[in-house]
$ cat input29.cif   # mmCIF, C-alpha atoms
data_model
#
loop_
_atom_site.label_atom_id
_atom_site.label_comp_id
_atom_site.auth_asym_id
_atom_site.auth_seq_id
_atom_site.Cartn_x
_atom_site.Cartn_y
_atom_site.Cartn_z
CA MET A 288 113.01 128.29 225.66
CA LYS A 289 109.43 127.92 224.48
CA THR A 290 106.69 127.14 227.02
CA THR A 291 103.63 125.21 225.91
CA ALA A 292 100.20 125.31 227.45
CA LYS A 293 99.29 122.27 229.54
CA SER A 294 96.64 119.87 228.33
CA LYS A 295 93.63 119.43 230.59
CA TRP A 296 94.70 115.90 231.56
CA GLU A 297 98.01 117.27 232.89
CA ILE A 298 96.31 119.46 235.49
CA VAL A 299 95.33 117.81 238.75
CA SER A 300 91.76 118.61 239.71
CA GLU A 301 91.31 120.34 243.03
CA ILE A 302 89.89 118.16 245.77
CA GLU A 303 88.31 119.75 248.79
CA LEU A 304 87.81 117.68 251.92
CA VAL A 305 85.05 119.00 254.12
CA TYR A 306 83.35 117.44 257.13
CA LYS A 307 80.07 119.06 258.12
CA PRO A 308 78.60 117.33 261.14
CA GLY A 309 74.87 117.83 261.41
CA ILE A 310 74.77 117.00 265.10
CA LYS A 311 76.68 118.02 268.20
CA ASN A 312 79.26 115.56 269.51
CA THR A 313 77.38 115.32 272.82
CA HIS A 314 74.31 113.98 270.98
CA ARG A 315 76.18 111.21 269.19
CA PRO A 316 76.10 107.63 270.44
CA LYS A 317 79.24 106.12 271.91
CA VAL A 318 80.38 102.55 271.27
CA THR A 319 81.38 100.90 274.52
CA SER A 320 81.31 97.23 273.50
CA SER A 321 80.57 94.89 270.62
CA ARG A 322 77.00 94.62 271.97
CA SER A 323 76.49 98.39 271.86
CA ALA A 324 77.83 98.46 268.27
CA TYR A 325 75.47 95.60 267.37
CA GLN A 326 72.48 97.40 268.90
CA LEU A 327 73.31 100.57 266.92
CA ALA A 328 73.70 98.59 263.70
CA VAL A 329 70.43 96.68 264.04
CA ARG A 330 68.59 99.90 264.85
CA CYS A 331 69.96 101.50 261.64
CA TRP A 332 69.57 98.44 259.35
CA ASP A 333 66.61 98.23 256.99
CA PRO A 334 64.46 95.45 258.52
CA ASP A 335 63.22 94.51 255.05
CA LYS A 336 66.78 93.74 253.92
CA ILE A 337 68.59 92.25 256.93
CA GLU A 338 67.25 88.75 256.19
CA PHE A 339 67.09 89.22 252.42
CA ILE A 340 70.30 90.66 250.92
CA GLU A 341 73.82 90.99 252.26
CA GLN A 342 74.99 94.51 253.02
CA PHE A 343 78.30 95.82 254.31
CA LYS A 344 78.53 98.99 256.40
CA ILE A 345 81.09 100.70 258.61
CA LEU A 346 80.70 102.67 261.79
CA LEU A 347 83.11 105.63 261.73
CA LEU A 348 84.45 106.52 265.16
CA ASN A 349 86.53 109.28 266.68
CA GLN A 350 89.29 108.81 269.28
CA SER A 351 86.78 108.43 272.13
CA ASN A 352 84.68 105.87 270.19
CA THR A 353 81.92 108.37 269.54
CA VAL A 354 80.09 107.61 266.30
CA LEU A 355 80.81 110.05 263.48
CA GLY A 356 78.51 108.22 261.10
CA LEU A 357 77.43 104.98 259.47
CA TYR A 358 78.45 104.41 255.86
CA GLU A 359 77.04 101.73 253.55
CA VAL A 360 80.00 100.39 251.59
CA SER A 361 78.08 97.87 249.48
CA SER A 362 74.82 96.05 248.99
CA GLY A 363 74.90 92.70 247.25
CA GLY A 364 72.94 89.56 246.67
CA LEU A 365 71.52 86.76 248.74
CA THR A 366 74.86 85.21 249.64
CA GLY A 367 77.48 87.94 249.39
CA THR A 368 78.56 91.47 248.60
CA VAL A 369 81.76 92.96 247.23
CA VAL A 370 83.81 95.16 249.56
CA ASP A 371 86.22 97.65 248.01
CA ILE A 372 88.60 98.66 250.80
CA ARG A 373 89.33 101.91 248.98
CA LEU A 374 85.72 102.95 249.65
CA VAL A 375 86.06 101.93 253.31
CA PHE A 376 89.06 104.17 253.81
CA SER A 377 87.89 107.05 251.62
CA ALA A 378 84.88 107.37 253.94
CA ALA A 379 87.03 107.00 257.07
CA LEU A 380 89.55 109.59 255.89
CA LYS A 381 86.89 112.07 254.84
CA ALA A 382 85.12 111.78 258.20
CA GLY A 383 88.39 112.12 260.11
CA ALA A 384 87.76 108.76 261.78
CA THR A 385 90.46 107.21 263.92
CA GLY A 386 88.67 103.89 264.20
CA ILE A 387 86.14 101.83 262.28
CA ILE A 388 83.89 98.91 262.99
CA MET A 389 82.94 96.82 259.97
CA ILE A 390 79.46 95.34 260.01
CA HIS A 391 77.70 93.05 257.62
CA ASN A 392 74.65 90.86 257.81
CA HIS A 393 74.21 87.21 256.95
CA PRO A 394 70.70 86.70 255.52
CA SER A 395 71.07 82.97 256.25
CA GLY A 396 70.81 83.71 259.98
CA ARG A 397 74.19 82.09 260.69
CA THR A 398 76.81 84.34 262.26
CA ALA A 399 79.86 82.15 261.68
CA PRO A 400 82.47 84.01 259.59
CA SER A 401 83.22 82.70 256.12
CA ARG A 402 86.68 82.57 254.58
CA PRO A 403 86.00 85.80 252.59
CA ASP A 404 84.84 87.47 255.85
CA THR A 405 88.14 86.56 257.49
CA CYS A 406 90.12 87.68 254.43
CA ILE A 407 88.52 91.14 254.21
CA THR A 408 88.98 91.59 257.96
CA ARG A 409 92.70 90.89 257.61
CA LYS A 410 93.08 93.20 254.57
CA VAL A 411 91.23 96.11 256.17
CA GLY A 412 93.18 95.66 259.42
CA GLU A 413 96.50 95.79 257.54
CA ALA A 414 95.49 98.84 255.49
CA GLY A 415 94.20 100.59 258.60
CA ARG A 416 97.50 100.12 260.40
CA LEU A 417 99.25 101.93 257.55
CA LEU A 418 96.79 104.83 257.77
CA ASP A 419 96.56 104.94 261.59
CA ILE A 420 92.87 104.08 261.40
CA LEU A 421 92.21 101.17 263.74
CA LEU A 422 89.91 98.34 262.80
CA LEU A 423 88.23 97.96 266.19
CA ASP A 424 85.89 95.11 265.26
CA HIS A 425 84.06 93.32 262.50
CA LEU A 426 80.52 92.25 263.34
CA ILE A 427 78.42 89.72 261.49
CA ILE A 428 74.82 90.40 262.39
CA THR A 429 71.35 88.90 262.19
CA PRO A 430 68.18 90.32 263.78
CA GLU A 431 68.68 88.08 266.82
CA SER A 432 72.44 87.70 267.31
CA PHE A 433 75.94 88.69 266.23
CA TYR A 434 79.52 87.49 265.95
CA SER A 435 82.39 89.77 266.95
CA PHE A 436 85.87 89.19 265.55
CA ALA A 437 87.30 91.25 268.45
CA ASP A 438 85.45 89.31 271.15
CA ASP A 439 86.59 86.06 269.54
CA GLY A 440 90.23 87.22 269.42
CA ALA A 441 90.22 87.01 265.62
CA LEU A 442 91.43 90.54 264.83
#
$ encode --input "input29.cif" --output "structure tokens"
Amino acid sequence: MKTTAKSKWEIVSEIELVYKPGIKNTHRPKVTSSRSAYQLAVRCWDPDKIEFIEQFKILLLNQSNTVLGLYEVSSGGLTGTVVDIRLVFSAALKAGATGIIMIHNHPSGRTAPSRPDTCITRKVGEAGRLLDILLLDHLIITPESFYSFADDGAL
């Protein structure tokens, strides 16, 4: 039987997953409530953008709700941004997160969730259950206030 050499497209590229924390776990902030998550988010948000363009970020958390990192999933326009849930979970998986908190701003200053906000919350929650990565909350933030899906019982 004759063996043929494999074409390059037939060979799966090697993927290496590496997590290199740049800070000790004891120096990382811990999320204890929706308010503490909001305070972390506002502190990390670009003040020149929070009331200008919509951005979507996730807080990556370990089992004890210690922050592993903040990842910007997307940055959009004045009234919306596109969220690819594959990017949400690729970041969560790479960081070894067991929980995530989704956060996005509303440049309008209103914190009421829109229909797309509710839809992406549902989709990410369902996907997270399959991967054992809990969606702990989804915050809609402005410089002065926030809305929490978890506090409102909407998760």
$ closest_residue --input "input29.cif" --among "A:Gln326, A:Ser320, A:Thr353, A:Ser401" --to "Ser432 of chain A" --atoms "all atoms listed in the file"
A:Gln326
$ atom_distance --input "input29.cif" --atom1 "atom CA of Trp296 of chain A" --atom2 "atom CA of Arg373 of chain A"
23.0 Å
$ closest_residue --input "input29.cif" --among "A:Tyr358, A:Tyr325, A:Phe343, A:Phe376" --to "Thr429 of chain A" --atoms "all atoms listed in the file"
A:Tyr325
$ residues_around --input "input29.cif" --residues "segment 306-319 of chain A" --least-positions-apart "2" --cutoff "6 Å" --atoms "only C-alpha atoms" --output "PDB file with C-alpha atoms, in the frame of the given file"
ATOM      1  CA  SER A 323      76.490  98.390 271.860  1.00  0.00           C
ATOM      2  CA  ALA A 324      77.830  98.460 268.270  1.00  0.00           C
ATOM      3  CA  ASN A 352      84.680 105.870 270.190  1.00  0.00           C
ATOM      4  CA  THR A 353      81.920 108.370 269.540  1.00  0.00           C
ATOM      5  CA  VAL A 354      80.090 107.610 266.300  1.00  0.00           C
TER       6      VAL A 354
END
$ residues_around --input "input29.cif" --residues "Asp438 of chain A" --least-positions-apart "3" --cutoff "8 Å" --atoms "all atoms listed in the file" --output "list in words"
Ser321, Ser435 and Ala441 of chain A
$ write_last_selection --input "input29.cif" --atoms "C-alpha atoms" --output "PDB file, keeping the file's coordinate frame"
ATOM      1  CA  SER A 321      80.570  94.890 270.620  1.00  0.00           C
ATOM      2  CA  SER A 435      82.390  89.770 266.950  1.00  0.00           C
ATOM      3  CA  ALA A 441      90.220  87.010 265.620  1.00  0.00           C
TER       4      ALA A 441
END
$ closest_residue --input "input29.cif" --among "A:Pro334, A:Gly363, A:Pro400, A:Gly383" --to "Phe433 of chain A" --atoms "all atoms listed in the file"
A:Pro400
$ atom_distance --input "input29.cif" --atom1 "atom CA of Pro394 of chain A" --atom2 "atom CA of Lys344 of chain A"
14.6 Å
$ atom_distance --input "input29.cif" --atom1 "atom CA of Leu346 of chain A" --atom2 "atom CA of Ile388 of chain A"
5.1 Å
$ axis_aligned_box --input "input29.cif" --around "segment 385-391 of chain A" --padding-each-side "6 Å" --output "AutoDock Vina command-line options"
--center_x 84.1 --center_y 100.1 --center_z 260.9 --size_x 24.8 --size_y 26.2 --size_z 18.6
$ closest_residue --input "input29.cif" --among "A:Ser377, A:Gly396, A:Pro430, A:Ala384" --to "Asp333 of chain A" --atoms "only C-alpha atoms"
A:Pro430
$ resolve_selection --input "input29.cif" --expression "the PyMOL selection byres ((chain A and resi 405-420) around 10)" --output "PyMOL selection string"
chain A and resi 347-350+369-373+375-376+379-380+383-387+389+400-404+421-425+436+441-442
$ closest_residue --input "input29.cif" --among "A:Lys381, A:Gly364, A:Leu355, A:Tyr434" --to "Arg397 of chain A" --atoms "all atoms listed in the file"
A:Tyr434
$ residues_around --input "input29.cif" --residues "segment 391-393 of chain A" --least-positions-apart "6" --cutoff "8 Å" --atoms "all atoms listed in the file" --output "number ranges by chain"
A: 337-338, 340-344, 366, 426-429
$ decode --input "input29.cif" --residues "segment 335-365 of chain A" --atoms "N, CA, C and O atoms" --output "PDB file, in the first residue's frame"
ATOM      1  N   ASP A 335     -12.719  59.030  28.549  1.00  0.00           N
ATOM      2  CA  ASP A 335     -13.014  59.741  27.305  1.00  0.00           C
ATOM      3  C   ASP A 335     -13.954  58.955  26.402  1.00  0.00           C
ATOM      4  O   ASP A 335     -14.437  59.490  25.398  1.00  0.00           O
ATOM      5  N   LYS A 336     -14.222  57.686  26.727  1.00  0.00           N
ATOM      6  CA  LYS A 336     -15.074  56.857  25.882  1.00  0.00           C
ATOM      7  C   LYS A 336     -16.381  56.435  26.540  1.00  0.00           C
ATOM      8  O   LYS A 336     -17.320  56.077  25.845  1.00  0.00           O
ATOM      9  N   ILE A 337     -16.449  56.454  27.864  1.00  0.00           N
ATOM     10  CA  ILE A 337     -17.615  55.894  28.554  1.00  0.00           C
ATOM     11  C   ILE A 337     -18.918  56.609  28.173  1.00  0.00           C
ATOM     12  O   ILE A 337     -19.976  55.990  28.150  1.00  0.00           O
ATOM     13  N   GLU A 338     -18.851  57.884  27.834  1.00  0.00           N
ATOM     14  CA  GLU A 338     -20.050  58.614  27.425  1.00  0.00           C
ATOM     15  C   GLU A 338     -20.037  58.920  25.924  1.00  0.00           C
ATOM     16  O   GLU A 338     -20.839  59.718  25.452  1.00  0.00           O
ATOM     17  N   PHE A 339     -19.143  58.250  25.199  1.00  0.00           N
ATOM     18  CA  PHE A 339     -19.005  58.529  23.771  1.00  0.00           C
ATOM     19  C   PHE A 339     -19.338  57.322  22.890  1.00  0.00           C
ATOM     20  O   PHE A 339     -20.201  57.398  22.031  1.00  0.00           O
ATOM     21  N   ILE A 340     -18.636  56.201  23.106  1.00  0.00           N
ATOM     22  CA  ILE A 340     -18.888  54.997  22.301  1.00  0.00           C
ATOM     23  C   ILE A 340     -19.181  53.817  23.210  1.00  0.00           C
ATOM     24  O   ILE A 340     -18.719  53.764  24.347  1.00  0.00           O
ATOM     25  N   GLU A 341     -19.962  52.879  22.684  1.00  0.00           N
ATOM     26  CA  GLU A 341     -20.303  51.697  23.470  1.00  0.00           C
ATOM     27  C   GLU A 341     -19.184  50.675  23.382  1.00  0.00           C
ATOM     28  O   GLU A 341     -18.681  50.375  22.298  1.00  0.00           O
ATOM     29  N   GLN A 342     -18.802  50.154  24.542  1.00  0.00           N
ATOM     30  CA  GLN A 342     -17.776  49.120  24.628  1.00  0.00           C
ATOM     31  C   GLN A 342     -18.304  47.970  25.480  1.00  0.00           C
ATOM     32  O   GLN A 342     -19.123  48.176  26.367  1.00  0.00           O
ATOM     33  N   PHE A 343     -17.793  46.782  25.200  1.00  0.00           N
ATOM     34  CA  PHE A 343     -18.222  45.574  25.902  1.00  0.00           C
ATOM     35  C   PHE A 343     -16.986  44.879  26.431  1.00  0.00           C
ATOM     36  O   PHE A 343     -16.070  44.570  25.676  1.00  0.00           O
ATOM     37  N   LYS A 344     -16.955  44.643  27.740  1.00  0.00           N
ATOM     38  CA  LYS A 344     -15.804  44.014  28.378  1.00  0.00           C
ATOM     39  C   LYS A 344     -16.291  42.901  29.298  1.00  0.00           C
ATOM     40  O   LYS A 344     -17.462  42.861  29.675  1.00  0.00           O
ATOM     41  N   ILE A 345     -15.375  42.023  29.675  1.00  0.00           N
ATOM     42  CA  ILE A 345     -15.703  40.985  30.652  1.00  0.00           C
ATOM     43  C   ILE A 345     -14.650  40.962  31.750  1.00  0.00           C
ATOM     44  O   ILE A 345     -13.451  41.124  31.490  1.00  0.00           O
ATOM     45  N   LEU A 346     -15.124  40.781  32.967  1.00  0.00           N
ATOM     46  CA  LEU A 346     -14.249  40.502  34.091  1.00  0.00           C
ATOM     47  C   LEU A 346     -14.125  38.987  34.170  1.00  0.00           C
ATOM     48  O   LEU A 346     -15.141  38.277  34.179  1.00  0.00           O
ATOM     49  N   LEU A 347     -12.917  38.493  34.195  1.00  0.00           N
ATOM     50  CA  LEU A 347     -12.640  37.057  34.292  1.00  0.00           C
ATOM     51  C   LEU A 347     -12.329  36.751  35.744  1.00  0.00           C
ATOM     52  O   LEU A 347     -11.458  37.390  36.348  1.00  0.00           O
ATOM     53  N   LEU A 348     -13.054  35.781  36.315  1.00  0.00           N
ATOM     54  CA  LEU A 348     -12.924  35.490  37.733  1.00  0.00           C
ATOM     55  C   LEU A 348     -12.570  34.030  37.988  1.00  0.00           C
ATOM     56  O   LEU A 348     -12.970  33.154  37.222  1.00  0.00           O
ATOM     57  N   ASN A 349     -11.855  33.801  39.095  1.00  0.00           N
ATOM     58  CA  ASN A 349     -11.585  32.425  39.499  1.00  0.00           C
ATOM     59  C   ASN A 349     -12.692  31.953  40.441  1.00  0.00           C
ATOM     60  O   ASN A 349     -13.672  32.673  40.670  1.00  0.00           O
ATOM     61  N   GLN A 350     -12.530  30.777  41.007  1.00  0.00           N
ATOM     62  CA  GLN A 350     -13.566  30.163  41.844  1.00  0.00           C
ATOM     63  C   GLN A 350     -13.924  31.012  43.061  1.00  0.00           C
ATOM     64  O   GLN A 350     -15.050  30.978  43.529  1.00  0.00           O
ATOM     65  N   SER A 351     -12.977  31.782  43.576  1.00  0.00           N
ATOM     66  CA  SER A 351     -13.248  32.613  44.758  1.00  0.00           C
ATOM     67  C   SER A 351     -13.594  34.057  44.389  1.00  0.00           C
ATOM     68  O   SER A 351     -13.523  34.941  45.238  1.00  0.00           O
ATOM     69  N   ASN A 352     -13.952  34.273  43.126  1.00  0.00           N
ATOM     70  CA  ASN A 352     -14.339  35.598  42.605  1.00  0.00           C
ATOM     71  C   ASN A 352     -13.207  36.620  42.654  1.00  0.00           C
ATOM     72  O   ASN A 352     -13.444  37.823  42.749  1.00  0.00           O
ATOM     73  N   THR A 353     -11.988  36.132  42.600  1.00  0.00           N
ATOM     74  CA  THR A 353     -10.831  37.003  42.463  1.00  0.00           C
ATOM     75  C   THR A 353     -10.640  37.280  40.982  1.00  0.00           C
ATOM     76  O   THR A 353     -10.753  36.381  40.145  1.00  0.00           O
ATOM     77  N   VAL A 354     -10.346  38.533  40.655  1.00  0.00           N
ATOM     78  CA  VAL A 354     -10.250  38.954  39.256  1.00  0.00           C
ATOM     79  C   VAL A 354      -8.960  38.440  38.632  1.00  0.00           C
ATOM     80  O   VAL A 354      -7.861  38.710  39.123  1.00  0.00           O
ATOM     81  N   LEU A 355      -9.112  37.694  37.546  1.00  0.00           N
ATOM     82  CA  LEU A 355      -7.967  37.228  36.760  1.00  0.00           C
ATOM     83  C   LEU A 355      -7.583  38.249  35.700  1.00  0.00           C
ATOM     84  O   LEU A 355      -6.444  38.288  35.252  1.00  0.00           O
ATOM     85  N   GLY A 356      -8.538  39.052  35.279  1.00  0.00           N
ATOM     86  CA  GLY A 356      -8.261  40.073  34.281  1.00  0.00           C
ATOM     87  C   GLY A 356      -9.539  40.702  33.756  1.00  0.00           C
ATOM     88  O   GLY A 356     -10.648  40.255  34.056  1.00  0.00           O
ATOM     89  N   LEU A 357      -9.358  41.743  32.978  1.00  0.00           N
ATOM     90  CA  LEU A 357     -10.448  42.435  32.295  1.00  0.00           C
ATOM     91  C   LEU A 357     -10.133  42.379  30.812  1.00  0.00           C
ATOM     92  O   LEU A 357      -9.033  42.738  30.393  1.00  0.00           O
ATOM     93  N   TYR A 358     -11.076  41.905  30.021  1.00  0.00           N
ATOM     94  CA  TYR A 358     -10.857  41.732  28.584  1.00  0.00           C
ATOM     95  C   TYR A 358     -11.877  42.548  27.810  1.00  0.00           C
ATOM     96  O   TYR A 358     -13.076  42.443  28.061  1.00  0.00           O
ATOM     97  N   GLU A 359     -11.410  43.375  26.884  1.00  0.00           N
ATOM     98  CA  GLU A 359     -12.304  44.141  26.016  1.00  0.00           C
ATOM     99  C   GLU A 359     -12.700  43.269  24.830  1.00  0.00           C
ATOM    100  O   GLU A 359     -11.874  42.927  23.988  1.00  0.00           O
ATOM    101  N   VAL A 360     -13.968  42.908  24.780  1.00  0.00           N
ATOM    102  CA  VAL A 360     -14.484  42.046  23.727  1.00  0.00           C
ATOM    103  C   VAL A 360     -14.728  42.848  22.456  1.00  0.00           C
ATOM    104  O   VAL A 360     -14.395  42.407  21.361  1.00  0.00           O
ATOM    105  N   SER A 361     -15.319  44.042  22.599  1.00  0.00           N
ATOM    106  CA  SER A 361     -15.590  44.849  21.415  1.00  0.00           C
ATOM    107  C   SER A 361     -15.765  46.316  21.769  1.00  0.00           C
ATOM    108  O   SER A 361     -16.077  46.669  22.898  1.00  0.00           O
ATOM    109  N   SER A 362     -15.549  47.132  20.764  1.00  0.00           N
ATOM    110  CA  SER A 362     -15.744  48.574  20.860  1.00  0.00           C
ATOM    111  C   SER A 362     -16.518  48.975  19.622  1.00  0.00           C
ATOM    112  O   SER A 362     -16.138  48.618  18.504  1.00  0.00           O
ATOM    113  N   GLY A 363     -17.624  49.674  19.809  1.00  0.00           N
ATOM    114  CA  GLY A 363     -18.509  49.938  18.683  1.00  0.00           C
ATOM    115  C   GLY A 363     -18.737  51.401  18.405  1.00  0.00           C
ATOM    116  O   GLY A 363     -17.822  52.213  18.482  1.00  0.00           O
ATOM    117  N   GLY A 364     -19.995  51.703  18.150  1.00  0.00           N
ATOM    118  CA  GLY A 364     -20.373  53.063  17.793  1.00  0.00           C
ATOM    119  C   GLY A 364     -21.101  53.757  18.929  1.00  0.00           C
ATOM    120  O   GLY A 364     -21.018  53.352  20.091  1.00  0.00           O
ATOM    121  N   LEU A 365     -21.858  54.765  18.561  1.00  0.00           N
ATOM    122  CA  LEU A 365     -22.564  55.571  19.546  1.00  0.00           C
ATOM    123  C   LEU A 365     -23.709  54.827  20.216  1.00  0.00           C
ATOM    124  O   LEU A 365     -24.047  55.100  21.363  1.00  0.00           O
TER     125      LEU A 365
END
